[in-house]
Amino acid sequence: MRNGRSKLATLAAIPLLAAACSSGGEDTENANTSGDALSGSLTGAGASFPDPLFQDWIYTYTNDVQPDTSINYQSVGSGAGIEQFMEETVDFGSSEEYLDDEALQEAADNRGCEALQFPVTFGSVVIAMNNPELDGLALDAETIAGIYSRDITTFDDPAIAELNPEMDLPSDEIVPVHRSDSSGTTAVFTHYLAHEVESWDEEYGEGKELDWPSGLVGGQQNDGVSQGITQNPGGLGYVNQSFAQESELSVAHVVNSDGEPIEPTTESTIAASEEAEVPENFQFHIDDIGGSGYPIAGTNWIFTYTCGYDQETTDTLVDYWTWALTDESAQEIAGELGYAPLGDELTERVIAELERTNSENGDGSEDGEDEDSEEDSAEDGDQ
Amino acid sequence: MPTEAPEAPQAPEERPRGTLTSGRGRLADPIFKWVVAGCGTLVLIILALMVIRTTAEAWPVFAKEGFFGFLFGEEWTSGDSRTEITGTYGAWPFIYGTLITAAIAIVIALPLSIMVAVYLTHMAPTRLAKPLSYTVELLAAVPSVIFGLWGLHWFLPNVMRPFFEWLEGLLGWFFLFEGPVLGVGYLPAGIVLAIMILPIMTAIVREVIVVQPLDQQMASYALGSTRWEVITKVVLPSSFSGIVAAAMLGMGRALGETIAVLMLIGGSQSWGASLFGTGSSMASHIAATFGEANPETRTALMAIGVALFLVTMVINILARVIVWRLGQTKGDAAV
């Protein structure tokens, strides 16, 4: 077993990230809550927004850290993820919207014990544009709302010019592009507009899908939006940062509540998440971001139950998410893909919540803090 | 046994086995009959289950909006309740999107498919006709997502968009072609749909034309008709009902097509008369929002499903009525 595992670990480590092997051992105090190698198998379903990150995490974890486990995450969408979690067909659910008290109660009634939710990652929504000369264009909530409600139709509109005194703005007609499918990216984006701009809230509101004004272009998924942007000279649209990072679109700097135009980067997303005040029940939005934080940011939550898992599943569930939240290599993967990790204080609180998984069965988090397994696999990887 | 052969032609094949267990031969017929009948009813049962189930699930939405309020309401705002209906659900933008894209597809594909079929059966040299008709049929095997991808990434920016801009310059004063040209919209979705339904329509029209009796055509030629006259006055009129059947099949596919339309229609919940405008069709809206739908929205999507079924049915009935009426006057009612 050891041999097999070390081989697998080494093989997997080469293409994915060399850092995983060398740094994996340093951060293991929390990273393993059960002594022996785990062999549980998990199914999760939900949001598509963190899917690239989850897939990379799962690949690394199931090859590198606990090769006998198997995790299957289906990015069926937040709505379907919540449904499957409620119907108890998956071990964990994921969504870009937290469960409200009504939904938590319903879940608890179904399962017969409390349902848990905790944030695991943050991501920003980026305003991307076709025209490369517009890279770094400063926009604030009012101008973005103006663009999407078709009040502002050209780039040299006085409202935009005022924010960009140094820029030579083209008189191109702006073609705003939105997601045509129901999506968490839209929810984060429209929540920002509705929170910041009263007239937007009254007329269009917020949500995963919206009754957009006419004259806008809809695109299916990030790819459709990016096509809508690139096929129109004045194309402008919103995509999540992990997508914008890989495409070569120019991005707008968005003015935050301190009046600073902020470039969307992993750092500014982390800064935003640190600005957010997270209540005890983890039901929050990232609003009114100031400092060096990028203001349009969303959160991804994971849902589990406090009972009804078998021991193997519980151990794997807790170990996997603890690894994803604390291990340096996992955080590195997140950074590379443009997702922001939780701050230290928040991580601690989330881990505490995570460890309540299956606790009402009486054996959820009792397994000792043995760290051998993690260190073993890290050492194996080094050989 | 040989003595029985003249009476029942199928008996000689059945008997040799039947002699061993004489019961089987007699049972084969009724069993076969029941199996076939079962398969036939299965279709009905599946259809009934689907209609009943979707209508039952969609009922709260119909109850709130009213049946016609749902069909012709122009505002679609989905609520996020788990137990009741809080949003406003008017499916007209999607119904319009479905009808207009299917109409564009038929208007383009019908004349094209007839011309291709006529060429393949009457004009093309035999050496060319065979591979050409294979190619047309091969086109039918291309998955719709490929059409969508190709349409969005290549056909739209390189062919359709320049054409649209030209068209808008020429006919921009006419409400159907009012700008601006945004790229995606009803027209590109309809054009790609036309390409998608072309093969199946061509295949059917070709089959129908091929079986037209040759002696009528020969007689027509003998009377001094030109090829044009033979085709337009003899071949096509007698193929009429088959051509309508082809159009109906193509229409059916166009009405229900999901992914290619989703990628090209520019999904929005508003609607407008201009063909360059963006909107959404019923099937594409269901596909676009199903994944993220909460229980309330899903109920409303079920209602769209029911509406789509109704629209398809009405169009099919209309087409049959047309064939039937024309058949009465022209003495050809076979579809």
# chains A, B, ... in the order shown; residues from 1 in each chain; ligands from 1
>>> interface_residues(of="chain A", to="chain B", cutoff="8 Å", atoms="only C-alpha atoms", output="ChimeraX atom specification")
/A:76-80,83,103,175,179-183,208-220,224,227-228,231-232
>>> write_last_selection(atoms="C-alpha atoms", output="short mmCIF file (atom, residue, chain, number, x, y, z; two decimals), in the first residue's frame")
data_model
loop_
_atom_site.label_atom_id
_atom_site.label_comp_id
_atom_site.auth_asym_id
_atom_site.auth_seq_id
_atom_site.Cartn_x
_atom_site.Cartn_y
_atom_site.Cartn_z
CA VAL A 76 -24.95 21.06 -11.71
CA GLY A 77 -25.60 24.61 -10.54
CA SER A 78 -26.34 26.11 -7.15
CA GLY A 79 -30.08 25.53 -7.35
CA ALA A 80 -29.73 21.88 -8.21
CA GLU A 83 -32.01 20.52 -4.06
CA ALA A 103 -34.16 26.40 3.87
CA VAL A 175 -22.81 46.72 -26.04
CA ARG A 179 -25.16 35.77 -18.78
CA SER A 180 -28.22 34.27 -20.42
CA ASP A 181 -28.17 31.22 -18.20
CA SER A 182 -29.09 31.37 -14.57
CA SER A 183 -25.83 31.83 -12.72
CA LYS A 208 -29.37 34.53 -10.64
CA GLU A 209 -31.44 35.56 -13.64
CA LEU A 210 -32.88 38.96 -14.33
CA ASP A 211 -35.41 40.64 -16.53
CA TRP A 212 -32.72 42.67 -18.29
CA PRO A 213 -33.57 45.79 -20.27
CA SER A 214 -33.73 45.25 -24.01
CA GLY A 215 -30.77 46.03 -26.24
CA LEU A 216 -28.43 43.83 -24.23
CA VAL A 217 -26.70 40.71 -25.48
CA GLY A 218 -27.02 37.45 -23.60
CA GLY A 219 -24.32 34.81 -23.65
CA GLN A 220 -24.52 31.19 -22.61
CA GLY A 224 -20.96 32.94 -24.52
CA GLN A 227 -17.96 35.77 -27.48
CA GLY A 228 -20.50 38.56 -27.04
CA GLN A 231 -17.66 40.09 -31.39
CA ASN A 232 -18.78 43.65 -30.68
#
>>> residues_around(residues="B:Ile243", least_positions_apart="2", cutoff="8 Å", atoms="only C-alpha atoms", output="list in words")
Ile114, Ile204, Val205, Val208, Ser239, Phe240, Ser241, Ala245, Ala246 and Ala247 of chain B
>>> closest_residue(among="B:Ala273, B:Met282, B:Met248, B:Leu128", to="B:Ile106", atoms="only C-alpha atoms")
B:Met248
>>> residues_around(residues="A:Gln74", least_positions_apart="3", cutoff="7 Å", atoms="only C-alpha atoms", output="compact mmCIF listing (two decimals) with N, CA and C atoms, in the first residue's frame")
# COMPACT_ATOMS: atom_id res chain seq x y z
N GLY A 44 -20.52 15.27 -4.14
CA GLY A 44 -21.01 16.61 -3.87
C GLY A 44 -21.62 17.15 -5.14
N ALA A 45 -22.48 18.15 -4.99
CA ALA A 45 -23.08 18.76 -6.17
C ALA A 45 -23.38 20.21 -5.87
N GLY A 46 -23.34 21.00 -6.90
CA GLY A 46 -23.72 22.39 -6.71
C GLY A 46 -23.08 23.34 -7.69
>>> select_by_dssp(residues="stretch 121-310 of chain A", states="strand (DSSP E)", output="PyMOL selection string")
chain A and resi 121-129+138-139+175-179+217-219+235-240+250-251+253-255+261-262+297-305
>>> atom_distance(atom1="atom CA of A:Thr121", atom2="atom CA of A:Asn72")
18.5 Å
